[in-house]
file upload.txt (compact mmCIF, N, CA and C atoms)
# COMPACT_ATOMS: atom_id res chain seq x y z
N MET A 24 -3.85 168.34 -176.38
CA MET A 24 -3.90 169.67 -175.83
C MET A 24 -4.11 170.64 -176.99
N THR A 25 -5.17 171.39 -176.99
CA THR A 25 -5.41 172.34 -178.08
C THR A 25 -4.76 173.67 -177.78
N ALA A 26 -4.62 174.48 -178.81
CA ALA A 26 -3.99 175.79 -178.65
C ALA A 26 -4.78 176.66 -177.68
N GLN A 27 -6.09 176.53 -177.70
CA GLN A 27 -6.91 177.35 -176.83
C GLN A 27 -6.71 176.97 -175.36
N GLU A 28 -6.39 175.71 -175.08
CA GLU A 28 -6.18 175.27 -173.71
C GLU A 28 -4.74 175.50 -173.25
N THR A 29 -3.85 175.74 -174.20
CA THR A 29 -2.44 175.86 -173.89
C THR A 29 -2.09 177.27 -173.47
N ALA A 30 -1.44 177.39 -172.35
CA ALA A 30 -0.90 178.67 -171.89
C ALA A 30 0.54 178.41 -171.49
N LEU A 31 1.37 179.42 -171.54
CA LEU A 31 2.78 179.21 -171.24
C LEU A 31 2.97 178.65 -169.84
N GLY A 32 2.10 178.99 -168.93
CA GLY A 32 2.20 178.45 -167.58
C GLY A 32 1.87 176.98 -167.49
N LYS A 33 1.25 176.43 -168.52
CA LYS A 33 0.84 175.03 -168.50
C LYS A 33 1.77 174.13 -169.31
N ILE A 34 2.67 174.72 -170.09
CA ILE A 34 3.60 173.91 -170.87
C ILE A 34 5.02 174.46 -170.71
N ASP A 35 5.97 173.62 -170.98
CA ASP A 35 7.36 174.03 -171.01
C ASP A 35 7.66 174.37 -172.47
N ALA A 36 7.71 175.66 -172.79
CA ALA A 36 7.88 176.10 -174.18
C ALA A 36 9.17 175.56 -174.77
N ASN A 37 10.23 175.50 -173.99
CA ASN A 37 11.49 175.00 -174.50
C ASN A 37 11.39 173.52 -174.85
N LEU A 38 10.71 172.76 -174.03
CA LEU A 38 10.59 171.32 -174.24
C LEU A 38 9.51 170.97 -175.27
N GLU A 39 8.38 171.67 -175.25
CA GLU A 39 7.24 171.27 -176.08
C GLU A 39 7.06 172.07 -177.37
N LEU A 40 7.80 173.17 -177.54
CA LEU A 40 7.65 173.97 -178.76
C LEU A 40 8.93 174.07 -179.57
N MET A 41 10.04 174.39 -178.91
CA MET A 41 11.29 174.64 -179.63
C MET A 41 11.77 173.41 -180.40
N ASP A 42 12.18 173.65 -181.64
CA ASP A 42 12.73 172.62 -182.53
C ASP A 42 11.72 171.53 -182.91
N ARG A 43 10.45 171.76 -182.66
CA ARG A 43 9.42 170.81 -183.06
C ARG A 43 9.06 171.00 -184.52
N GLN A 44 8.69 169.93 -185.16
CA GLN A 44 8.24 169.97 -186.55
C GLN A 44 6.88 170.67 -186.60
N VAL A 45 6.66 171.48 -187.64
CA VAL A 45 5.38 172.15 -187.85
C VAL A 45 4.70 171.47 -189.04
N LEU A 46 3.45 171.07 -188.84
CA LEU A 46 2.67 170.41 -189.88
C LEU A 46 1.51 171.29 -190.28
N ASP A 47 1.19 171.33 -191.58
CA ASP A 47 0.02 172.09 -192.01
C ASP A 47 -1.24 171.29 -191.74
N ASN A 48 -2.39 171.80 -192.13
CA ASN A 48 -3.65 171.12 -191.82
C ASN A 48 -3.84 169.82 -192.60
N ASP A 49 -2.97 169.55 -193.59
CA ASP A 49 -2.99 168.28 -194.31
C ASP A 49 -1.96 167.30 -193.78
N GLY A 50 -1.26 167.69 -192.71
CA GLY A 50 -0.25 166.82 -192.11
C GLY A 50 1.10 166.86 -192.81
N ARG A 51 1.31 167.81 -193.73
CA ARG A 51 2.59 167.92 -194.43
C ARG A 51 3.56 168.79 -193.63
N MET A 52 4.83 168.37 -193.61
CA MET A 52 5.85 169.11 -192.89
C MET A 52 6.16 170.42 -193.62
N ILE A 53 6.15 171.53 -192.87
CA ILE A 53 6.43 172.82 -193.51
C ILE A 53 7.54 173.60 -192.81
N GLY A 54 8.10 173.07 -191.76
CA GLY A 54 9.19 173.77 -191.09
C GLY A 54 9.34 173.30 -189.66
N LYS A 55 10.21 173.99 -188.95
CA LYS A 55 10.43 173.71 -187.53
C LYS A 55 10.32 175.00 -186.75
N VAL A 56 10.02 174.88 -185.48
CA VAL A 56 9.95 176.05 -184.61
C VAL A 56 11.38 176.40 -184.19
N ASP A 57 11.84 177.57 -184.62
CA ASP A 57 13.18 178.02 -184.27
C ASP A 57 13.19 179.01 -183.12
N ASP A 58 12.05 179.62 -182.84
CA ASP A 58 11.95 180.57 -181.73
C ASP A 58 10.47 180.80 -181.45
N VAL A 59 10.17 181.40 -180.33
CA VAL A 59 8.79 181.76 -180.00
C VAL A 59 8.71 183.25 -179.71
N GLU A 60 7.57 183.82 -179.99
CA GLU A 60 7.32 185.22 -179.68
C GLU A 60 6.44 185.26 -178.44
N LEU A 61 6.85 186.01 -177.44
CA LEU A 61 6.12 186.08 -176.18
C LEU A 61 5.53 187.46 -175.99
N GLU A 62 4.39 187.53 -175.35
CA GLU A 62 3.76 188.81 -174.99
C GLU A 62 3.28 188.72 -173.55
N GLU A 63 3.17 189.88 -172.94
CA GLU A 63 2.70 189.95 -171.57
C GLU A 63 1.27 190.47 -171.55
N ARG A 64 0.42 189.76 -170.82
CA ARG A 64 -0.97 190.18 -170.68
C ARG A 64 -1.07 191.27 -169.63
N ASP A 65 -2.25 191.89 -169.55
CA ASP A 65 -2.48 192.96 -168.58
C ASP A 65 -2.28 192.48 -167.14
N ASP A 66 -2.56 191.19 -166.89
CA ASP A 66 -2.42 190.65 -165.53
C ASP A 66 -0.97 190.24 -165.21
N GLY A 67 -0.05 190.48 -166.17
CA GLY A 67 1.35 190.18 -165.94
C GLY A 67 1.79 188.80 -166.39
N ARG A 68 0.86 187.97 -166.83
CA ARG A 68 1.21 186.63 -167.29
C ARG A 68 1.80 186.70 -168.69
N ILE A 69 2.76 185.84 -168.94
CA ILE A 69 3.42 185.76 -170.24
C ILE A 69 2.77 184.63 -171.03
N TYR A 70 2.52 184.87 -172.32
CA TYR A 70 1.96 183.83 -173.17
C TYR A 70 2.64 183.83 -174.53
N VAL A 71 2.53 182.70 -175.22
CA VAL A 71 3.10 182.57 -176.56
C VAL A 71 2.13 183.22 -177.54
N SER A 72 2.62 184.19 -178.31
CA SER A 72 1.77 184.86 -179.29
C SER A 72 2.03 184.37 -180.71
N ALA A 73 3.23 183.79 -180.95
CA ALA A 73 3.54 183.30 -182.30
C ALA A 73 4.71 182.34 -182.26
N LEU A 74 4.79 181.51 -183.29
CA LEU A 74 5.93 180.63 -183.51
C LEU A 74 6.75 181.23 -184.64
N LEU A 75 8.07 181.25 -184.50
CA LEU A 75 8.95 181.81 -185.50
C LEU A 75 9.78 180.69 -186.12
N SER A 76 10.03 180.79 -187.42
CA SER A 76 10.71 179.72 -188.12
C SER A 76 11.66 180.26 -189.17
N GLY A 77 12.68 179.48 -189.48
CA GLY A 77 13.60 179.81 -190.55
C GLY A 77 14.86 180.48 -190.07
N PRO A 78 15.78 180.76 -191.01
CA PRO A 78 17.06 181.36 -190.65
C PRO A 78 16.93 182.72 -189.95
N GLY A 79 15.88 183.46 -190.24
CA GLY A 79 15.68 184.75 -189.59
C GLY A 79 15.39 184.62 -188.11
N ALA A 80 14.88 183.49 -187.69
CA ALA A 80 14.62 183.24 -186.27
C ALA A 80 15.76 182.45 -185.63
N LEU A 81 16.38 181.58 -186.40
CA LEU A 81 17.43 180.73 -185.86
C LEU A 81 18.74 181.49 -185.64
N GLY A 82 19.07 182.43 -186.52
CA GLY A 82 20.33 183.18 -186.41
C GLY A 82 20.51 183.86 -185.07
N PRO A 83 19.54 184.66 -184.61
CA PRO A 83 19.69 185.30 -183.30
C PRO A 83 19.77 184.28 -182.14
N ARG A 84 19.15 183.15 -182.31
CA ARG A 84 19.20 182.12 -181.28
C ARG A 84 20.59 181.51 -181.20
N ILE A 85 21.26 181.35 -182.34
CA ILE A 85 22.63 180.82 -182.36
C ILE A 85 23.57 181.85 -181.75
N GLY A 86 23.38 183.12 -182.16
CA GLY A 86 24.19 184.20 -181.61
C GLY A 86 25.58 184.26 -182.21
N GLY A 87 26.34 185.24 -181.80
CA GLY A 87 27.71 185.40 -182.25
C GLY A 87 27.83 185.68 -183.73
N GLY A 88 29.04 185.49 -184.24
CA GLY A 88 29.32 185.75 -185.65
C GLY A 88 28.54 184.84 -186.58
N LEU A 89 28.46 183.55 -186.23
CA LEU A 89 27.75 182.60 -187.09
C LEU A 89 26.27 182.96 -187.20
N GLY A 90 25.67 183.34 -186.08
CA GLY A 90 24.27 183.75 -186.10
C GLY A 90 24.05 184.99 -186.92
N SER A 91 24.97 185.95 -186.81
CA SER A 91 24.88 187.18 -187.60
C SER A 91 25.02 186.91 -189.08
N ILE A 92 25.95 186.03 -189.43
CA ILE A 92 26.14 185.66 -190.84
C ILE A 92 24.89 184.97 -191.38
N ALA A 93 24.35 184.03 -190.62
CA ALA A 93 23.15 183.31 -191.06
C ALA A 93 21.98 184.26 -191.26
N THR A 94 21.74 185.13 -190.29
CA THR A 94 20.63 186.08 -190.36
C THR A 94 20.84 187.08 -191.49
N GLY A 95 22.05 187.62 -191.60
CA GLY A 95 22.35 188.60 -192.65
C GLY A 95 22.23 188.02 -194.04
N THR A 96 22.75 186.81 -194.22
CA THR A 96 22.67 186.15 -195.53
C THR A 96 21.22 185.87 -195.88
N TRP A 97 20.47 185.36 -194.92
CA TRP A 97 19.06 185.06 -195.17
C TRP A 97 18.30 186.34 -195.53
N ALA A 98 18.53 187.42 -194.79
CA ALA A 98 17.82 188.68 -195.04
C ALA A 98 18.16 189.21 -196.44
N ARG A 99 19.43 189.11 -196.80
CA ARG A 99 19.83 189.61 -198.13
C ARG A 99 19.22 188.77 -199.25
N LEU A 100 19.23 187.46 -199.09
CA LEU A 100 18.70 186.58 -200.14
C LEU A 100 17.18 186.61 -200.22
N SER A 101 16.54 186.70 -199.07
CA SER A 101 15.07 186.64 -199.06
C SER A 101 14.41 188.00 -199.23
N GLY A 102 15.15 189.07 -198.91
CA GLY A 102 14.57 190.41 -198.96
C GLY A 102 13.66 190.71 -197.79
N ARG A 103 13.70 189.85 -196.75
CA ARG A 103 12.87 190.04 -195.57
C ARG A 103 13.74 190.39 -194.38
N SER A 104 13.22 191.21 -193.51
CA SER A 104 13.96 191.55 -192.30
C SER A 104 13.41 190.84 -191.06
N GLU A 105 12.24 190.28 -191.17
CA GLU A 105 11.60 189.60 -190.04
C GLU A 105 11.52 188.09 -190.33
N PRO A 106 11.63 187.26 -189.30
CA PRO A 106 11.51 185.81 -189.51
C PRO A 106 10.08 185.42 -189.89
N ALA A 107 9.95 184.24 -190.46
CA ALA A 107 8.63 183.71 -190.77
C ALA A 107 7.87 183.52 -189.46
N ARG A 108 6.61 183.92 -189.44
CA ARG A 108 5.83 183.97 -188.21
C ARG A 108 4.49 183.28 -188.39
N VAL A 109 4.13 182.42 -187.45
CA VAL A 109 2.82 181.77 -187.43
C VAL A 109 2.12 182.24 -186.16
N ASP A 110 1.02 182.94 -186.32
CA ASP A 110 0.28 183.42 -185.17
C ASP A 110 -0.23 182.24 -184.36
N TRP A 111 -0.22 182.39 -183.04
CA TRP A 111 -0.64 181.29 -182.15
C TRP A 111 -2.08 180.85 -182.42
N SER A 112 -2.91 181.77 -182.92
CA SER A 112 -4.31 181.41 -183.21
C SER A 112 -4.42 180.39 -184.34
N GLU A 113 -3.34 180.21 -185.14
CA GLU A 113 -3.35 179.25 -186.25
C GLU A 113 -2.88 177.86 -185.81
N VAL A 114 -2.50 177.70 -184.54
CA VAL A 114 -2.05 176.41 -184.03
C VAL A 114 -3.28 175.60 -183.61
N ALA A 115 -3.41 174.40 -184.17
CA ALA A 115 -4.54 173.54 -183.83
C ALA A 115 -4.23 172.69 -182.60
N SER A 116 -3.01 172.14 -182.52
CA SER A 116 -2.65 171.31 -181.37
C SER A 116 -1.14 171.25 -181.20
N VAL A 117 -0.75 170.96 -179.96
CA VAL A 117 0.65 170.78 -179.61
C VAL A 117 0.81 169.34 -179.16
N GLU A 118 1.44 168.55 -180.00
CA GLU A 118 1.67 167.14 -179.70
C GLU A 118 3.15 166.86 -179.94
N THR A 119 3.50 165.72 -180.52
CA THR A 119 4.90 165.48 -180.85
C THR A 119 5.34 166.42 -181.97
N ALA A 120 4.40 166.93 -182.72
CA ALA A 120 4.62 167.97 -183.72
C ALA A 120 3.59 169.06 -183.47
N ILE A 121 3.86 170.24 -183.99
CA ILE A 121 2.92 171.35 -183.87
C ILE A 121 2.01 171.29 -185.09
N LYS A 122 0.74 171.05 -184.88
CA LYS A 122 -0.21 170.95 -185.98
C LYS A 122 -0.96 172.26 -186.14
N LEU A 123 -0.97 172.76 -187.37
CA LEU A 123 -1.65 174.02 -187.66
C LEU A 123 -3.05 173.77 -188.18
N ALA A 124 -3.90 174.76 -188.02
CA ALA A 124 -5.27 174.70 -188.51
C ALA A 124 -5.37 175.29 -189.92
N VAL A 125 -4.24 175.70 -190.47
CA VAL A 125 -4.21 176.34 -191.79
C VAL A 125 -3.30 175.57 -192.73
N GLY A 126 -3.41 175.87 -194.01
CA GLY A 126 -2.61 175.21 -195.02
C GLY A 126 -1.22 175.81 -195.16
N ARG A 127 -0.41 175.13 -195.94
CA ARG A 127 0.98 175.52 -196.17
C ARG A 127 1.12 176.94 -196.72
N THR A 128 0.29 177.31 -197.69
CA THR A 128 0.43 178.64 -198.29
C THR A 128 -0.04 179.74 -197.34
N THR A 129 -1.02 179.45 -196.51
CA THR A 129 -1.48 180.43 -195.53
C THR A 129 -0.42 180.65 -194.45
N ALA A 130 0.19 179.58 -193.99
CA ALA A 130 1.22 179.69 -192.95
C ALA A 130 2.46 180.40 -193.48
N ALA A 131 2.85 180.11 -194.70
CA ALA A 131 3.97 180.77 -195.38
C ALA A 131 5.25 180.83 -194.55
N ILE A 132 5.61 179.71 -193.90
CA ILE A 132 6.87 179.68 -193.15
C ILE A 132 7.96 178.94 -193.89
N ASP A 133 7.64 178.42 -195.06
CA ASP A 133 8.64 177.67 -195.81
C ASP A 133 9.30 178.52 -196.89
N GLY A 134 9.37 179.81 -196.69
CA GLY A 134 9.90 180.73 -197.69
C GLY A 134 11.33 180.45 -198.08
N PHE A 135 12.20 180.14 -197.12
CA PHE A 135 13.59 179.88 -197.45
C PHE A 135 13.71 178.62 -198.29
N GLU A 136 12.95 177.58 -197.94
CA GLU A 136 12.98 176.34 -198.70
C GLU A 136 12.47 176.56 -200.13
N VAL A 137 11.42 177.36 -200.27
CA VAL A 137 10.88 177.67 -201.60
C VAL A 137 11.91 178.45 -202.40
N TRP A 138 12.57 179.43 -201.77
CA TRP A 138 13.59 180.21 -202.45
C TRP A 138 14.73 179.30 -202.92
N MET A 139 15.20 178.41 -202.04
CA MET A 139 16.27 177.47 -202.39
C MET A 139 15.85 176.56 -203.54
N ARG A 140 14.62 176.06 -203.48
CA ARG A 140 14.12 175.17 -204.53
C ARG A 140 14.07 175.88 -205.87
N ASP A 141 13.53 177.10 -205.88
CA ASP A 141 13.32 177.83 -207.13
C ASP A 141 14.60 178.40 -207.71
N ARG A 142 15.53 178.83 -206.88
CA ARG A 142 16.71 179.55 -207.39
C ARG A 142 17.99 178.73 -207.38
N VAL A 143 18.08 177.73 -206.53
CA VAL A 143 19.32 176.96 -206.45
C VAL A 143 19.13 175.55 -207.00
N ILE A 144 18.22 174.80 -206.41
CA ILE A 144 18.02 173.41 -206.82
C ILE A 144 17.56 173.31 -208.27
N ALA A 145 16.61 174.16 -208.66
CA ALA A 145 16.09 174.12 -210.04
C ALA A 145 17.17 174.45 -211.07
N ALA A 146 18.22 175.17 -210.66
CA ALA A 146 19.29 175.54 -211.59
C ALA A 146 20.31 174.42 -211.79
N ILE A 147 20.26 173.38 -210.97
CA ILE A 147 21.19 172.26 -211.10
C ILE A 147 20.73 171.38 -212.27
N PRO A 148 21.60 171.17 -213.24
CA PRO A 148 21.22 170.33 -214.39
C PRO A 148 20.78 168.94 -213.94
N GLY A 149 19.65 168.50 -214.45
CA GLY A 149 19.12 167.18 -214.12
C GLY A 149 18.26 167.15 -212.87
N SER A 150 18.15 168.26 -212.17
CA SER A 150 17.33 168.25 -210.96
C SER A 150 15.85 168.27 -211.32
N LYS A 151 15.07 167.69 -210.47
CA LYS A 151 13.62 167.68 -210.65
C LYS A 151 13.00 168.38 -209.45
N VAL A 152 12.32 169.46 -209.72
CA VAL A 152 11.68 170.21 -208.65
C VAL A 152 10.21 169.80 -208.61
N LEU A 153 9.81 169.25 -207.48
CA LEU A 153 8.44 168.80 -207.32
C LEU A 153 7.53 169.98 -207.05
N PRO A 154 6.29 169.93 -207.50
CA PRO A 154 5.35 171.03 -207.22
C PRO A 154 5.07 171.12 -205.74
N ARG A 155 4.73 172.31 -205.32
CA ARG A 155 4.43 172.57 -203.91
C ARG A 155 3.21 171.88 -203.46
call {"tool": "encode", "arguments": {"input": "upload.txt", "output": "structure tokens"}}
result
Amino acid sequence: MTAQETALGKIDANLELMDRQVLDNDGRMIGKVDDVELEERDDGRIYVSALLSGPGALGPRIGGGLGSIATGTWARLSGRSEPARVDWSEVASVETAIKLAVGRTTAAIDGFEVWMRDRVIAAIPGSKVLPR
């Protein structure tokens, strides 16, 4: 099923999108879908406009104090107020994983992992940080 053929009315977004692995155009894992962005068309139909990923998207989904702490900590550490977003037009297919038509750097949803790698893991003596 390609992104162009997929409409929210034809798939169960909770079952087929949420918590699915996201792969770049080289098949490398770059994140998971933590939330979806929905928009309403002029005819009243709802469709998926973007996939959201990372703590900025997961925190509100968890809700409560834990969700607020996760979102607030992520925002403070990353300097971003919005979650990582992949426009629906960049989705190549929806299968057991969400495959993108773009590369890892274009999608840019692995920001938290990159931040952790560069600022936390790399600071651990003896750690080896692999290139992106």
call {"tool": "residues_around", "arguments": {"input": "upload.txt", "residues": "Met52 of chain A", "least_positions_apart": "5", "cutoff": "8 Å", "atoms": "only N, CA and C atoms", "output": "CSV table (one decimal) with N, CA and C atoms, keeping the file's coordinate frame"}}
result
chain,number,residue,atom,x,y,z
A,44,GLN,N,8.7,169.9,-185.2
A,44,GLN,CA,8.2,170.0,-186.6
A,44,GLN,C,6.9,170.7,-186.6
A,45,VAL,N,6.7,171.5,-187.6
A,45,VAL,CA,5.4,172.2,-187.8
A,45,VAL,C,4.7,171.5,-189.0
A,46,LEU,N,3.4,171.1,-188.8
A,46,LEU,CA,2.7,170.4,-189.9
A,46,LEU,C,1.5,171.3,-190.3
A,47,ASP,N,1.2,171.3,-191.6
A,47,ASP,CA,0.0,172.1,-192.0
A,47,ASP,C,-1.2,171.3,-191.7
A,127,ARG,N,-0.4,175.1,-195.9
A,127,ARG,CA,1.0,175.5,-196.2
A,127,ARG,C,1.1,176.9,-196.7
A,133,ASP,N,7.6,178.4,-195.1
A,133,ASP,CA,8.6,177.7,-195.8
A,133,ASP,C,9.3,178.5,-196.9
call {"tool": "closest_residue", "arguments": {"input": "upload.txt", "among": "A:Gly67, A:Gly77, A:Gly86, A:Gly50", "to": "Leu123 of chain A", "atoms": "all atoms listed in the file"}}
result
A:Gly50
call {"tool": "atom_distance", "arguments": {"input": "upload.txt", "atom1": "atom C of Asp65 of chain A", "atom2": "atom CA of Ala107 of chain A"}}
result
27.5 Å
call {"tool": "residues_around", "arguments": {"input": "upload.txt", "residues": "Thr94 of chain A", "least_positions_apart": "6", "cutoff": "6.5 Å", "atoms": "all atoms listed in the file", "output": "PyMOL selection string"}}
result
chain A and resi 78-79+82-83
call {"tool": "write_last_selection", "arguments": {"input": "upload.txt", "atoms": "N, CA and C atoms", "output": "PDB file, in the coordinates of the input"}}
result
ATOM      1  N   PRO A  78      15.780 180.760-191.010  1.00  0.00           N
ATOM      2  CA  PRO A  78      17.060 181.360-190.650  1.00  0.00           C
ATOM      3  C   PRO A  78      16.930 182.720-189.950  1.00  0.00           C
ATOM      4  N   GLY A  79      15.880 183.460-190.240  1.00  0.00           N
ATOM      5  CA  GLY A  79      15.680 184.750-189.590  1.00  0.00           C
ATOM      6  C   GLY A  79      15.390 184.620-188.110  1.00  0.00           C
ATOM      7  N   GLY A  82      19.070 182.430-186.520  1.00  0.00           N
ATOM      8  CA  GLY A  82      20.330 183.180-186.410  1.00  0.00           C
ATOM      9  C   GLY A  82      20.510 183.860-185.070  1.00  0.00           C
ATOM     10  N   PRO A  83      19.540 184.660-184.610  1.00  0.00           N
ATOM     11  CA  PRO A  83      19.690 185.300-183.300  1.00  0.00           C
ATOM     12  C   PRO A  83      19.770 184.280-182.140  1.00  0.00           C
TER      13      PRO A  83
END
call {"tool": "atom_distance", "arguments": {"input": "upload.txt", "atom1": "atom CA of Gly95 of chain A", "atom2": "atom CA of Arg43 of chain A"}}
result
24.0 Å
call {"tool": "build_atoms", "arguments": {"input": "upload.txt", "residues": "segment 124-133 of chain A", "atoms": "all heavy atoms", "output": "mmCIF file, in the coordinates of the input"}}
result
data_model
loop_
_atom_site.group_PDB
_atom_site.id
_atom_site.type_symbol
_atom_site.label_atom_id
_atom_site.label_comp_id
_atom_site.auth_asym_id
_atom_site.auth_seq_id
_atom_site.Cartn_x
_atom_site.Cartn_y
_atom_site.Cartn_z
ATOM 1 N N ALA A 124 -3.900 174.760 -188.020
ATOM 2 C CA ALA A 124 -5.270 174.700 -188.510
ATOM 3 C C ALA A 124 -5.370 175.290 -189.920
ATOM 4 O O ALA A 124 -6.451 175.379 -190.468
ATOM 5 C CB ALA A 124 -6.210 175.436 -187.563
ATOM 6 N N VAL A 125 -4.240 175.700 -190.470
ATOM 7 C CA VAL A 125 -4.210 176.340 -191.790
ATOM 8 C C VAL A 125 -3.300 175.570 -192.730
ATOM 9 O O VAL A 125 -2.490 174.752 -192.296
ATOM 10 C CB VAL A 125 -3.743 177.818 -191.699
ATOM 11 C CG1 VAL A 125 -4.715 178.643 -190.881
ATOM 12 C CG2 VAL A 125 -2.344 177.911 -191.133
ATOM 13 N N GLY A 126 -3.410 175.870 -194.010
ATOM 14 C CA GLY A 126 -2.610 175.210 -195.020
ATOM 15 C C GLY A 126 -1.220 175.810 -195.160
ATOM 16 O O GLY A 126 -0.914 176.874 -194.612
ATOM 17 N N ARG A 127 -0.410 175.130 -195.940
ATOM 18 C CA ARG A 127 0.980 175.520 -196.170
ATOM 19 C C ARG A 127 1.120 176.940 -196.720
ATOM 20 O O ARG A 127 1.958 177.699 -196.276
ATOM 21 C CB ARG A 127 1.591 174.498 -197.116
ATOM 22 C CG ARG A 127 2.845 174.893 -197.766
ATOM 23 C CD ARG A 127 3.325 173.818 -198.750
ATOM 24 N NE ARG A 127 4.667 173.490 -198.366
ATOM 25 C CZ ARG A 127 5.087 172.298 -197.982
ATOM 26 N NH1 ARG A 127 4.272 171.284 -197.989
ATOM 27 N NH2 ARG A 127 6.326 172.111 -197.628
ATOM 28 N N THR A 128 0.290 177.310 -197.690
ATOM 29 C CA THR A 128 0.430 178.640 -198.290
ATOM 30 C C THR A 128 -0.040 179.740 -197.340
ATOM 31 O O THR A 128 0.509 180.832 -197.354
ATOM 32 C CB THR A 128 -0.338 178.742 -199.624
ATOM 33 O OG1 THR A 128 -1.696 178.359 -199.414
ATOM 34 C CG2 THR A 128 0.286 177.837 -200.667
ATOM 35 N N THR A 129 -1.020 179.450 -196.510
ATOM 36 C CA THR A 129 -1.480 180.430 -195.530
ATOM 37 C C THR A 129 -0.420 180.650 -194.450
ATOM 38 O O THR A 129 -0.140 181.787 -194.068
ATOM 39 C CB THR A 129 -2.794 179.979 -194.862
ATOM 40 O OG1 THR A 129 -3.778 179.777 -195.885
ATOM 41 C CG2 THR A 129 -3.292 180.999 -193.869
ATOM 42 N N ALA A 130 0.190 179.580 -193.990
ATOM 43 C CA ALA A 130 1.220 179.690 -192.950
ATOM 44 C C ALA A 130 2.460 180.400 -193.480
ATOM 45 O O ALA A 130 3.052 181.212 -192.780
ATOM 46 C CB ALA A 130 1.590 178.313 -192.426
ATOM 47 N N ALA A 131 2.850 180.110 -194.700
ATOM 48 C CA ALA A 131 3.970 180.770 -195.380
ATOM 49 C C ALA A 131 5.250 180.830 -194.550
ATOM 50 O O ALA A 131 5.918 181.839 -194.485
ATOM 51 C CB ALA A 131 3.569 182.177 -195.816
ATOM 52 N N ILE A 132 5.610 179.710 -193.900
ATOM 53 C CA ILE A 132 6.870 179.680 -193.150
ATOM 54 C C ILE A 132 7.960 178.940 -193.890
ATOM 55 O O ILE A 132 9.071 178.846 -193.411
ATOM 56 C CB ILE A 132 6.697 179.103 -191.735
ATOM 57 C CG1 ILE A 132 6.294 177.640 -191.755
ATOM 58 C CG2 ILE A 132 5.750 179.939 -190.926
ATOM 59 C CD1 ILE A 132 6.332 176.977 -190.397
ATOM 60 N N ASP A 133 7.640 178.420 -195.060
ATOM 61 C CA ASP A 133 8.640 177.670 -195.810
ATOM 62 C C ASP A 133 9.300 178.520 -196.890
ATOM 63 O O ASP A 133 9.766 178.021 -197.899
ATOM 64 C CB ASP A 133 8.059 176.394 -196.389
ATOM 65 C CG ASP A 133 6.876 176.637 -197.326
ATOM 66 O OD1 ASP A 133 6.415 177.790 -197.421
ATOM 67 O OD2 ASP A 133 6.421 175.680 -197.952
#
